[in-house]
file upload04.csv (CSV, C-alpha atoms)
chain,number,residue,atom,x,y,z
A,1,MET,CA,81.7,114.8,107.2
A,2,THR,CA,82.9,112.5,104.4
A,3,GLU,CA,86.5,111.2,104.5
A,4,SER,CA,88.8,113.2,102.3
A,5,TRP,CA,92.5,113.7,101.7
A,6,HIS,CA,92.5,116.3,104.4
A,7,LEU,CA,92.2,114.1,107.4
A,8,ASP,CA,90.0,115.1,110.3
A,9,ASP,CA,91.5,115.3,113.7
A,10,ARG,CA,89.9,112.6,115.7
A,11,ASN,CA,91.0,113.8,119.1
A,12,GLY,CA,93.5,111.1,119.7
A,13,GLU,CA,91.4,108.2,118.6
A,14,PRO,CA,93.3,105.2,117.2
A,15,ALA,CA,94.1,105.0,113.4
A,16,LEU,CA,91.4,103.7,111.1
A,17,VAL,CA,91.9,100.1,110.2
A,18,ASN,CA,93.9,100.0,107.0
A,19,LYS,CA,92.9,97.4,104.5
A,20,ILE,CA,95.8,96.8,102.3
A,21,LEU,CA,96.0,95.2,98.8
A,22,LEU,CA,99.4,94.2,97.4
A,23,VAL,CA,99.3,94.0,93.6
A,24,ILE,CA,102.1,92.0,92.1
A,25,LYS,CA,102.5,93.0,88.5
A,26,SER,CA,106.2,92.3,87.8
A,27,SER,CA,107.4,88.9,86.6
A,28,PRO,CA,109.7,86.9,88.9
A,29,HIS,CA,112.7,87.5,86.5
A,30,GLU,CA,112.1,91.1,85.8
A,31,SER,CA,113.4,92.8,88.9
A,32,GLY,CA,113.5,92.4,92.6
A,33,ARG,CA,110.5,94.6,92.9
A,34,ALA,CA,107.8,91.9,93.1
A,35,ALA,CA,110.1,89.8,95.5
A,36,GLU,CA,110.0,92.8,97.8
A,37,GLY,CA,106.2,92.7,97.7
A,38,LEU,CA,106.3,89.1,98.9
A,39,ARG,CA,108.8,90.0,101.6
A,40,MET,CA,106.5,92.8,102.6
A,41,ALA,CA,103.5,90.5,102.7
A,42,THR,CA,105.5,88.1,104.9
A,43,ALA,CA,106.4,90.8,107.3
A,44,MET,CA,102.8,92.1,107.5
A,45,ILE,CA,101.5,88.6,108.2
A,46,ALA,CA,104.1,88.1,110.9
A,47,MET,CA,102.9,91.3,112.5
A,48,ASP,CA,99.3,90.2,112.2
A,49,VAL,CA,98.5,92.8,109.6
A,50,LEU,CA,96.8,90.7,106.9
A,51,PRO,CA,97.0,92.0,103.3
A,52,GLN,CA,95.2,90.8,100.3
A,53,ILE,CA,97.3,89.9,97.3
A,54,LEU,CA,96.4,90.1,93.6
A,55,PHE,CA,98.6,89.0,90.8
A,56,VAL,CA,98.1,90.8,87.5
A,57,ASP,CA,100.0,91.4,84.2
A,58,ASP,CA,103.4,89.6,84.2
A,59,GLY,CA,103.0,89.0,87.9
A,60,VAL,CA,100.9,86.0,87.1
A,61,TYR,CA,104.1,84.2,86.1
A,62,TRP,CA,104.8,83.9,89.8
A,63,LEU,CA,102.1,81.4,90.1
A,64,LEU,CA,103.2,79.0,87.4
A,65,LYS,CA,104.1,75.4,88.1
A,66,LYS,CA,107.7,74.2,88.4
A,67,GLN,CA,109.3,77.6,88.7
A,68,VAL,CA,113.0,77.0,89.6
A,69,ARG,CA,114.1,80.5,90.3
A,70,GLU,CA,117.2,79.4,92.2
A,71,SER,CA,118.8,78.4,88.9
A,72,ALA,CA,118.7,82.1,87.8
A,73,GLY,CA,120.6,83.1,90.9
A,74,ASN,CA,117.4,84.1,92.7
A,75,SER,CA,116.4,83.0,96.1
A,76,SER,CA,113.5,80.6,96.3
A,77,PHE,CA,110.1,82.2,96.9
A,78,THR,CA,108.2,79.0,96.4
A,79,ASP,CA,107.9,78.2,100.1
A,80,ARG,CA,107.3,81.8,100.9
A,81,LEU,CA,104.5,82.1,98.4
A,82,LYS,CA,103.0,78.8,99.5
A,83,THR,CA,102.9,80.1,103.1
A,84,ILE,CA,101.4,83.4,102.1
A,85,SER,CA,98.7,81.7,100.1
A,86,ASP,CA,97.9,79.4,103.0
A,87,LEU,CA,97.6,82.2,105.4
A,88,VAL,CA,95.8,85.0,103.5
A,89,GLY,CA,95.0,83.5,100.0
A,90,VAL,CA,96.0,84.9,96.7
A,91,HIS,CA,94.0,86.2,93.8
A,92,VAL,CA,94.9,86.2,90.1
A,93,LEU,CA,93.3,88.3,87.3
A,94,PHE,CA,91.8,86.0,84.7
A,95,ASP,CA,92.4,88.5,81.9
A,96,SER,CA,96.1,88.6,82.6
A,97,LEU,CA,96.2,84.8,82.3
A,98,ALA,CA,94.2,84.8,79.1
A,99,GLU,CA,96.4,87.5,77.5
A,100,ARG,CA,99.4,85.2,78.1
A,101,LYS,CA,97.6,82.1,76.8
A,102,LEU,CA,97.7,80.6,80.3
A,103,LYS,CA,95.0,78.5,82.0
A,104,GLN,CA,94.2,77.7,85.5
A,105,GLU,CA,95.8,74.3,85.2
A,106,ASP,CA,99.1,76.0,84.3
A,107,LEU,CA,99.2,77.5,87.8
A,108,ASP,CA,100.7,75.7,90.8
A,109,GLU,CA,97.7,74.2,92.6
A,110,ASN,CA,99.6,74.6,95.9
A,111,TYR,CA,98.9,78.3,95.8
A,112,ASP,CA,95.2,77.7,95.3
A,113,ALA,CA,94.9,81.1,93.5
A,114,ARG,CA,91.4,82.4,93.1
A,115,ASN,CA,90.6,83.5,89.6
A,116,LEU,CA,89.0,87.0,89.5
A,117,SER,CA,87.3,88.7,86.6
A,118,LEU,CA,88.0,92.4,85.9
A,119,ASP,CA,84.8,93.3,87.7
A,120,GLU,CA,85.7,91.2,90.7
A,121,SER,CA,89.2,92.7,90.7
A,122,SER,CA,87.7,96.2,90.7
A,123,LYS,CA,85.6,95.3,93.7
A,124,LEU,CA,88.7,94.0,95.5
A,125,LEU,CA,90.5,97.3,94.8
A,126,ALA,CA,87.5,99.2,96.1
A,127,GLN,CA,87.4,97.1,99.3
A,128,ASN,CA,90.9,98.2,100.2
A,129,ASN,CA,91.9,101.7,101.2
A,130,THR,CA,95.5,101.2,100.4
A,131,VAL,CA,96.9,99.6,97.2
A,132,ILE,CA,100.7,99.1,96.8
A,133,THR,CA,102.0,97.8,93.4
A,134,PHE,CA,105.1,95.8,92.9
B,1,MET,CA,96.7,114.4,115.0
B,2,PRO,CA,96.1,112.8,111.6
B,3,ARG,CA,98.8,110.5,110.5
B,4,LEU,CA,100.1,109.9,107.0
B,5,LEU,CA,102.5,107.1,106.0
B,6,ILE,CA,104.4,107.4,102.8
B,7,ILE,CA,106.2,104.4,101.4
B,8,LEU,CA,108.9,105.3,98.9
B,9,PHE,CA,110.6,102.8,96.6
B,10,SER,CA,112.3,105.0,94.1
B,11,PRO,CA,116.0,105.9,94.0
B,12,PRO,CA,117.2,109.5,93.7
B,13,THR,CA,117.7,109.6,89.9
B,14,HIS,CA,114.9,107.5,88.3
B,15,SER,CA,111.8,109.7,88.7
B,16,GLN,CA,110.4,112.7,90.4
B,17,ASN,CA,108.9,110.6,93.2
B,18,VAL,CA,111.3,112.0,95.8
B,19,ASP,CA,110.3,115.5,94.8
B,20,THR,CA,106.7,114.6,95.1
B,21,VAL,CA,107.2,112.9,98.5
B,22,TYR,CA,109.1,116.0,99.7
B,23,GLU,CA,106.3,118.4,98.6
B,24,LEU,CA,103.5,116.2,99.9
B,25,SER,CA,105.2,115.7,103.2
B,26,LYS,CA,105.9,119.4,103.6
B,27,ALA,CA,102.3,120.3,102.8
B,28,ALA,CA,101.0,117.7,105.2
B,29,VAL,CA,103.2,118.9,108.0
B,30,GLU,CA,102.1,122.5,107.4
B,31,MET,CA,98.5,121.2,107.8
B,32,ASN,CA,99.5,119.8,111.2
B,33,HIS,CA,99.6,116.2,110.0
B,34,GLU,CA,102.1,113.7,111.4
B,35,VAL,CA,104.1,112.3,108.6
B,36,THR,CA,106.3,109.2,108.3
B,37,VAL,CA,108.3,108.4,105.2
B,38,PHE,CA,109.4,104.8,104.9
B,39,CYS,CA,112.3,104.2,102.4
B,40,ASP,CA,112.4,100.7,101.1
B,41,VAL,CA,114.7,99.0,98.5
B,42,ASP,CA,116.4,101.6,96.2
B,43,ALA,CA,114.8,104.5,98.1
B,44,THR,CA,117.4,104.0,100.8
B,45,LEU,CA,119.9,105.6,98.4
B,46,ASN,CA,118.1,108.9,98.9
B,47,LEU,CA,119.3,109.0,102.4
B,48,LEU,CA,123.0,109.2,102.0
B,49,ALA,CA,124.5,112.1,104.0
B,50,LYS,CA,127.4,112.5,101.6
B,51,GLN,CA,124.9,113.5,98.9
B,52,ILE,CA,124.0,116.6,100.7
B,53,SER,CA,125.5,119.5,98.7
B,54,THR,CA,125.5,123.1,99.9
B,55,GLY,CA,123.4,125.3,97.7
B,56,LYS,CA,121.9,122.3,95.8
B,57,ALA,CA,118.5,120.8,96.4
B,58,THR,CA,119.5,117.1,96.3
B,59,PRO,CA,117.2,114.3,97.4
B,60,ALA,CA,119.3,113.8,100.5
B,61,SER,CA,119.1,117.5,101.4
B,62,LYS,CA,115.4,117.4,100.9
B,63,ILE,CA,115.1,114.5,103.3
B,64,ALA,CA,117.3,116.3,105.8
B,65,GLU,CA,114.9,119.3,105.5
B,66,LEU,CA,111.9,117.0,106.1
B,67,ILE,CA,113.6,115.6,109.2
B,68,LYS,CA,114.1,119.2,110.5
B,69,LYS,CA,110.4,119.7,110.0
B,70,ARG,CA,109.7,116.7,112.3
B,71,VAL,CA,108.9,114.2,109.5
B,72,HIS,CA,109.8,110.7,110.7
B,73,VAL,CA,112.1,109.1,108.1
B,74,HIS,CA,112.6,105.4,108.3
B,75,ALA,CA,115.0,103.3,106.3
B,76,CYS,CA,114.7,99.5,105.7
B,77,ARG,CA,117.9,98.1,107.3
B,78,GLU,CA,118.1,95.1,105.1
B,79,SER,CA,117.6,97.1,101.9
B,80,ALA,CA,120.4,99.4,103.0
B,81,ARG,CA,122.7,96.5,103.9
B,82,LEU,CA,122.2,94.9,100.5
B,83,ARG,CA,123.2,98.2,98.8
B,84,GLY,CA,126.4,98.5,100.8
B,85,ILE,CA,125.1,101.2,103.0
B,86,ASP,CA,126.3,101.4,106.6
B,87,VAL,CA,123.1,102.4,108.4
B,88,LYS,CA,125.1,103.6,111.4
B,89,LYS,CA,127.4,106.0,109.5
B,90,ASP,CA,126.1,106.7,106.0
B,91,PHE,CA,122.6,108.1,106.5
B,92,VAL,CA,121.4,111.7,107.0
B,93,GLU,CA,121.2,112.5,110.7
B,94,GLY,CA,117.8,111.6,112.1
B,95,VAL,CA,117.0,108.7,109.8
B,96,VAL,CA,115.5,105.9,111.8
B,97,GLU,CA,116.9,102.4,111.2
B,98,SER,CA,113.8,100.3,110.5
B,99,SER,CA,112.5,97.0,109.0
B,100,LEU,CA,109.5,95.6,107.1
B,101,GLY,CA,108.2,94.3,110.4
B,102,ARG,CA,108.2,97.8,111.7
B,103,LEU,CA,106.5,99.0,108.5
B,104,ALA,CA,103.7,96.6,109.2
B,105,GLU,CA,103.2,98.2,112.6
B,106,LEU,CA,103.4,101.7,111.0
B,107,MET,CA,100.6,100.7,108.6
B,108,GLU,CA,98.4,99.9,111.6
B,109,GLN,CA,99.3,103.2,113.3
B,110,HIS,CA,98.6,105.6,110.4
B,111,ASP,CA,95.3,106.8,109.0
B,112,ARG,CA,96.4,106.9,105.4
B,113,ILE,CA,99.1,105.2,103.4
B,114,VAL,CA,100.5,106.3,100.0
B,115,ALA,CA,103.1,104.4,98.1
B,116,PHE,CA,105.5,105.9,95.4
B,117,GLY,CA,107.7,103.8,93.2

call {"tool": "encode", "arguments": {"input": "upload04.csv", "output": "structure tokens"}}
result
Amino acid sequence: MTESWHLDDRNGEPALVNKILLVIKSSPHESGRAAEGLRMATAMIAMDVLPQILFVDDGVYWLLKKQVRESAGNSSFTDRLKTISDLVGVHVLFDSLAERKLKQEDLDENYDARNLSLDESSKLLAQNNTVITF
Amino acid sequence: MPRLLIILFSPPTHSQNVDTVYELSKAAVEMNHEVTVFCDVDATLNLLAKQISTGKATPASKIAELIKKRVHVHACRESARLRGIDVKKDFVEGVVESSLGRLAELMEQHDRIVAFG
């Protein structure tokens, strides 16, 4: 039987392994929403649940060099983002960069963000059975 | 028993997400699914006991009804604290004080995860 929204009772077997993609689409200065996504990623990694992370739309601004978010009254996510990228890696949608006239060299090399095309991003979405946007 | 985890980010007044979560959870429980609703960030504002109003279907009263139907409702402790909510006193009875770490565990323990917000 194929998987469907109506879940099959598996007679007490453990849950399926959830592959989770966190999509960051809000800019650092827009709201606390994307910051919550990074907090969630940190908590997941701490609990050994490794998410994949994709930055799209205004979310790509998180990856720019020399962001000093503390000056705007925000807590620093630079170290947190660096740790996340070291542990699970981060992806960025090339089209979102191009739409904003940004290039790979505008991104902080410490994050080592992997550039993805739309097709590659689609595959990434398909590989994960849960997608949460921030 | 199949397990469904719903993550809610929306506050009571900004969208119909709470209504959708309520209807979805109710339907899933009626189909004998185990349901957990995790309220994060502004969604913790849906859980205030003082927003239960007799004769009115407020988000808080819907949450209370879900708890009576054995839906597990978790609230992010830190999100609540940042919004001035006393997690020991202010929440609807039966809400579980929780955290993002616990959410990560719940993600592993559930078969399907849906996020609203």

call {"tool": "residues_around", "arguments": {"input": "upload04.csv", "residues": "Asp106 in chain A", "least_positions_apart": "2", "cutoff": "8 Å", "atoms": "only C-alpha atoms", "output": "PyMOL selection string"}}
result
chain A and resi 64-65+102-104+108

call {"tool": "closest_residue", "arguments": {"input": "upload04.csv", "among": "B:Ile67, B:Val87, B:Val37, B:Cys76", "to": "chain A", "atoms": "only C-alpha atoms"}}
result
B:Cys76

call {"tool": "closest_residue", "arguments": {"input": "upload04.csv", "among": "A:Asn115, A:Ser31, A:Thr83, A:Gln127", "to": "chain B", "atoms": "all atoms listed in the file"}}
result
A:Ser31

call {"tool": "interface_residues", "arguments": {"input": "upload04.csv", "of": "chain B", "to": "chain A", "cutoff": "7 Å", "atoms": "all atoms listed in the file", "output": "PyMOL selection string"}}
result
chain B and resi 1-2+100-101+104-105+107-111+113+115

call {"tool": "atom_distance", "arguments": {"input": "upload04.csv", "atom1": "CA of Arg83 in chain B", "atom2": "CA of Thr13 in chain B"}}
result
15.5 Å

call {"tool": "residues_around", "arguments": {"input": "upload04.csv", "residues": "Asn46 in chain B", "least_positions_apart": "4", "cutoff": "8 Å", "atoms": "all atoms listed in the file", "output": "VMD selection string"}}
result
chain B and resid 11 to 12 42 59 to 60 63

call {"tool": "write_last_selection", "arguments": {"input": "upload04.csv", "atoms": "C-alpha atoms", "output": "JSON list (two decimals), keeping the file's coordinate frame"}}
result
[["chain", "number", "residue", "atom", "x", "y", "z"],
["B", 11, "PRO", "CA", 116.00, 105.90, 94.00],
["B", 12, "PRO", "CA", 117.20, 109.50, 93.70],
["B", 42, "ASP", "CA", 116.40, 101.60, 96.20],
["B", 59, "PRO", "CA", 117.20, 114.30, 97.40],
["B", 60, "ALA", "CA", 119.30, 113.80, 100.50],
["B", 63, "ILE", "CA", 115.10, 114.50, 103.30]]

call {"tool": "residues_around", "arguments": {"input": "upload04.csv", "residues": "His33 in chain B", "least_positions_apart": "4", "cutoff": "6 Å", "atoms": "all atoms listed in the file", "output": "list in words"}}
result
Pro2, Arg3, Ala28 and Val29 of chain B

call {"tool": "write_last_selection", "arguments": {"input": "upload04.csv", "atoms": "C-alpha atoms", "output": "PDB file, keeping the file's coordinate frame"}}
result
ATOM      1  CA  PRO B   2      96.100 112.800 111.600  1.00  0.00           C
ATOM      2  CA  ARG B   3      98.800 110.500 110.500  1.00  0.00           C
ATOM      3  CA  ALA B  28     101.000 117.700 105.200  1.00  0.00           C
ATOM      4  CA  VAL B  29     103.200 118.900 108.000  1.00  0.00           C
TER       5      VAL B  29
END

call {"tool": "closest_residue", "arguments": {"input": "upload04.csv", "among": "A:Lys82, A:Leu54, A:Arg100, A:Gly59", "to": "Ser117 in chain A", "atoms": "only C-alpha atoms"}}
result
A:Leu54

call {"tool": "closest_residue", "arguments": {"input": "upload04.csv", "among": "A:Leu125, A:Val56, A:Leu93, A:Leu81", "to": "Ala35 in chain A", "atoms": "all atoms listed in the file"}}
result
A:Leu81

call {"tool": "atom_distance", "arguments": {"input": "upload04.csv", "atom1": "CA of Thr58 in chain B", "atom2": "CA of Arg112 in chain B"}}
result
26.8 Å

call {"tool": "decode", "arguments": {"input": "upload04.csv", "residues": "range 19-63 of chain A", "atoms": "N, CA and C atoms", "output": "mmCIF file, in the first residue's frame"}}
result
data_model
loop_
_atom_site.group_PDB
_atom_site.id
_atom_site.type_symbol
_atom_site.label_atom_id
_atom_site.label_comp_id
_atom_site.auth_asym_id
_atom_site.auth_seq_id
_atom_site.Cartn_x
_atom_site.Cartn_y
_atom_site.Cartn_z
ATOM 1 N N LYS A 19 12.803 13.150 7.438
ATOM 2 C CA LYS A 19 13.862 13.995 6.870
ATOM 3 C C LYS A 19 13.274 15.390 6.768
ATOM 4 N N ILE A 20 13.939 16.320 7.419
ATOM 5 C CA ILE A 20 13.341 17.646 7.600
ATOM 6 C C ILE A 20 14.180 18.722 6.921
ATOM 7 N N LEU A 21 13.503 19.532 6.134
ATOM 8 C CA LEU A 21 14.152 20.667 5.471
ATOM 9 C C LEU A 21 13.606 21.955 6.083
ATOM 10 N N LEU A 22 14.513 22.782 6.564
ATOM 11 C CA LEU A 22 14.116 24.098 7.072
ATOM 12 C C LEU A 22 14.419 25.116 5.976
ATOM 13 N N VAL A 23 13.401 25.816 5.532
ATOM 14 C CA VAL A 23 13.567 26.813 4.472
ATOM 15 C C VAL A 23 13.507 28.199 5.105
ATOM 16 N N ILE A 24 14.593 28.930 4.996
ATOM 17 C CA ILE A 24 14.650 30.282 5.560
ATOM 18 C C ILE A 24 14.365 31.266 4.429
ATOM 19 N N LYS A 25 13.216 31.932 4.495
ATOM 20 C CA LYS A 25 12.847 32.851 3.415
ATOM 21 C C LYS A 25 12.675 34.294 3.890
ATOM 22 N N SER A 26 12.784 34.529 5.191
ATOM 23 C CA SER A 26 12.645 35.893 5.716
ATOM 24 C C SER A 26 14.027 36.492 5.951
ATOM 25 N N SER A 27 14.140 37.790 5.738
ATOM 26 C CA SER A 27 15.433 38.456 5.918
ATOM 27 C C SER A 27 15.746 38.584 7.414
ATOM 28 N N PRO A 28 17.006 38.825 7.747
ATOM 29 C CA PRO A 28 17.376 38.930 9.173
ATOM 30 C C PRO A 28 16.661 40.063 9.894
ATOM 31 N N HIS A 29 16.297 41.114 9.153
ATOM 32 C CA HIS A 29 15.748 42.304 9.798
ATOM 33 C C HIS A 29 14.221 42.374 9.703
ATOM 34 N N GLU A 30 13.617 41.384 9.064
ATOM 35 C CA GLU A 30 12.181 41.432 8.796
ATOM 36 C C GLU A 30 11.353 41.072 10.024
ATOM 37 N N SER A 31 11.720 40.026 10.672
ATOM 38 C CA SER A 31 10.956 39.576 11.842
ATOM 39 C C SER A 31 11.816 38.571 12.591
ATOM 40 N N GLY A 32 11.285 38.065 13.671
ATOM 41 C CA GLY A 32 12.033 37.062 14.422
ATOM 42 C C GLY A 32 11.811 35.667 13.890
ATOM 43 N N ARG A 33 11.056 35.588 12.816
ATOM 44 C CA ARG A 33 10.656 34.287 12.315
ATOM 45 C C ARG A 33 11.842 33.421 11.870
ATOM 46 N N ALA A 34 12.697 34.017 11.037
ATOM 47 C CA ALA A 34 13.830 33.238 10.538
ATOM 48 C C ALA A 34 14.788 32.889 11.676
ATOM 49 N N ALA A 35 14.917 33.814 12.630
ATOM 50 C CA ALA A 35 15.783 33.534 13.778
ATOM 51 C C ALA A 35 15.265 32.304 14.527
ATOM 52 N N GLU A 36 13.945 32.163 14.597
ATOM 53 C CA GLU A 36 13.369 30.988 15.244
ATOM 54 C C GLU A 36 13.732 29.717 14.467
ATOM 55 N N GLY A 37 13.799 29.850 13.152
ATOM 56 C CA GLY A 37 14.216 28.709 12.329
ATOM 57 C C GLY A 37 15.622 28.271 12.667
ATOM 58 N N LEU A 38 16.506 29.243 12.884
ATOM 59 C CA LEU A 38 17.888 28.905 13.235
ATOM 60 C C LEU A 38 17.967 28.329 14.644
ATOM 61 N N ARG A 39 17.120 28.875 15.546
ATOM 62 C CA ARG A 39 17.067 28.291 16.906
ATOM 63 C C ARG A 39 16.594 26.840 16.828
ATOM 64 N N MET A 40 15.573 26.622 15.971
ATOM 65 C CA MET A 40 15.052 25.259 15.833
ATOM 66 C C MET A 40 16.126 24.332 15.269
ATOM 67 N N ALA A 41 16.876 24.823 14.284
ATOM 68 C CA ALA A 41 17.952 24.013 13.702
ATOM 69 C C ALA A 41 18.976 23.643 14.773
ATOM 70 N N THR A 42 19.316 24.608 15.612
ATOM 71 C CA THR A 42 20.293 24.349 16.680
ATOM 72 C C THR A 42 19.781 23.284 17.634
ATOM 73 N N ALA A 43 18.507 23.430 18.019
ATOM 74 C CA ALA A 43 17.925 22.449 18.952
ATOM 75 C C ALA A 43 17.890 21.064 18.325
ATOM 76 N N MET A 44 17.549 21.008 17.048
ATOM 77 C CA MET A 44 17.487 19.708 16.373
ATOM 78 C C MET A 44 18.864 19.057 16.320
ATOM 79 N N ILE A 45 19.872 19.847 15.977
ATOM 80 C CA ILE A 45 21.229 19.300 15.894
ATOM 81 C C ILE A 45 21.678 18.803 17.274
ATOM 82 N N ALA A 46 21.332 19.594 18.307
ATOM 83 C CA ALA A 46 21.702 19.192 19.674
ATOM 84 C C ALA A 46 21.064 17.864 20.055
ATOM 85 N N MET A 47 19.883 17.601 19.491
ATOM 86 C CA MET A 47 19.190 16.346 19.799
ATOM 87 C C MET A 47 19.497 15.264 18.754
ATOM 88 N N ASP A 48 20.508 15.534 17.927
ATOM 89 C CA ASP A 48 20.945 14.572 16.919
ATOM 90 C C ASP A 48 19.884 14.304 15.850
ATOM 91 N N VAL A 49 19.047 15.291 15.612
ATOM 92 C CA VAL A 49 18.093 15.220 14.497
ATOM 93 C C VAL A 49 18.614 16.231 13.476
ATOM 94 N N LEU A 50 19.223 15.751 12.416
ATOM 95 C CA LEU A 50 19.955 16.654 11.528
ATOM 96 C C LEU A 50 19.079 17.150 10.382
ATOM 97 N N PRO A 51 18.754 18.444 10.385
ATOM 98 C CA PRO A 51 17.937 18.989 9.294
ATOM 99 C C PRO A 51 18.809 19.392 8.105
ATOM 100 N N GLN A 52 18.166 19.637 6.992
ATOM 101 C CA GLN A 52 18.840 20.319 5.897
ATOM 102 C C GLN A 52 18.294 21.736 5.859
ATOM 103 N N ILE A 53 19.107 22.674 5.405
ATOM 104 C CA ILE A 53 18.703 24.079 5.475
ATOM 105 C C ILE A 53 18.901 24.742 4.117
ATOM 106 N N LEU A 54 17.848 25.413 3.666
ATOM 107 C CA LEU A 54 17.891 26.093 2.371
ATOM 108 C C LEU A 54 17.483 27.550 2.557
ATOM 109 N N PHE A 55 18.325 28.458 2.082
ATOM 110 C CA PHE A 55 18.013 29.887 2.148
ATOM 111 C C PHE A 55 17.468 30.326 0.791
ATOM 112 N N VAL A 56 16.285 30.920 0.799
ATOM 113 C CA VAL A 56 15.669 31.392 -0.445
ATOM 114 C C VAL A 56 15.115 32.800 -0.218
ATOM 115 N N ASP A 57 14.710 33.429 -1.321
ATOM 116 C CA ASP A 57 14.112 34.768 -1.282
ATOM 117 C C ASP A 57 14.962 35.703 -0.406
ATOM 118 N N ASP A 58 14.309 36.497 0.453
ATOM 119 C CA ASP A 58 15.079 37.433 1.291
ATOM 120 C C ASP A 58 15.909 36.720 2.352
ATOM 121 N N GLY A 59 15.699 35.441 2.518
ATOM 122 C CA GLY A 59 16.498 34.667 3.465
ATOM 123 C C GLY A 59 17.969 34.639 3.103
ATOM 124 N N VAL A 60 18.279 34.887 1.814
ATOM 125 C CA VAL A 60 19.694 34.846 1.402
ATOM 126 C C VAL A 60 20.504 35.947 2.089
ATOM 127 N N TYR A 61 19.813 36.992 2.549
ATOM 128 C CA TYR A 61 20.548 38.084 3.215
ATOM 129 C C TYR A 61 21.225 37.617 4.510
ATOM 130 N N TRP A 62 20.741 36.504 5.057
ATOM 131 C CA TRP A 62 21.403 35.952 6.253
ATOM 132 C C TRP A 62 22.853 35.595 5.976
ATOM 133 N N LEU A 63 23.150 35.280 4.726
ATOM 134 C CA LEU A 63 24.462 34.714 4.399
ATOM 135 C C LEU A 63 25.478 35.756 3.953
#
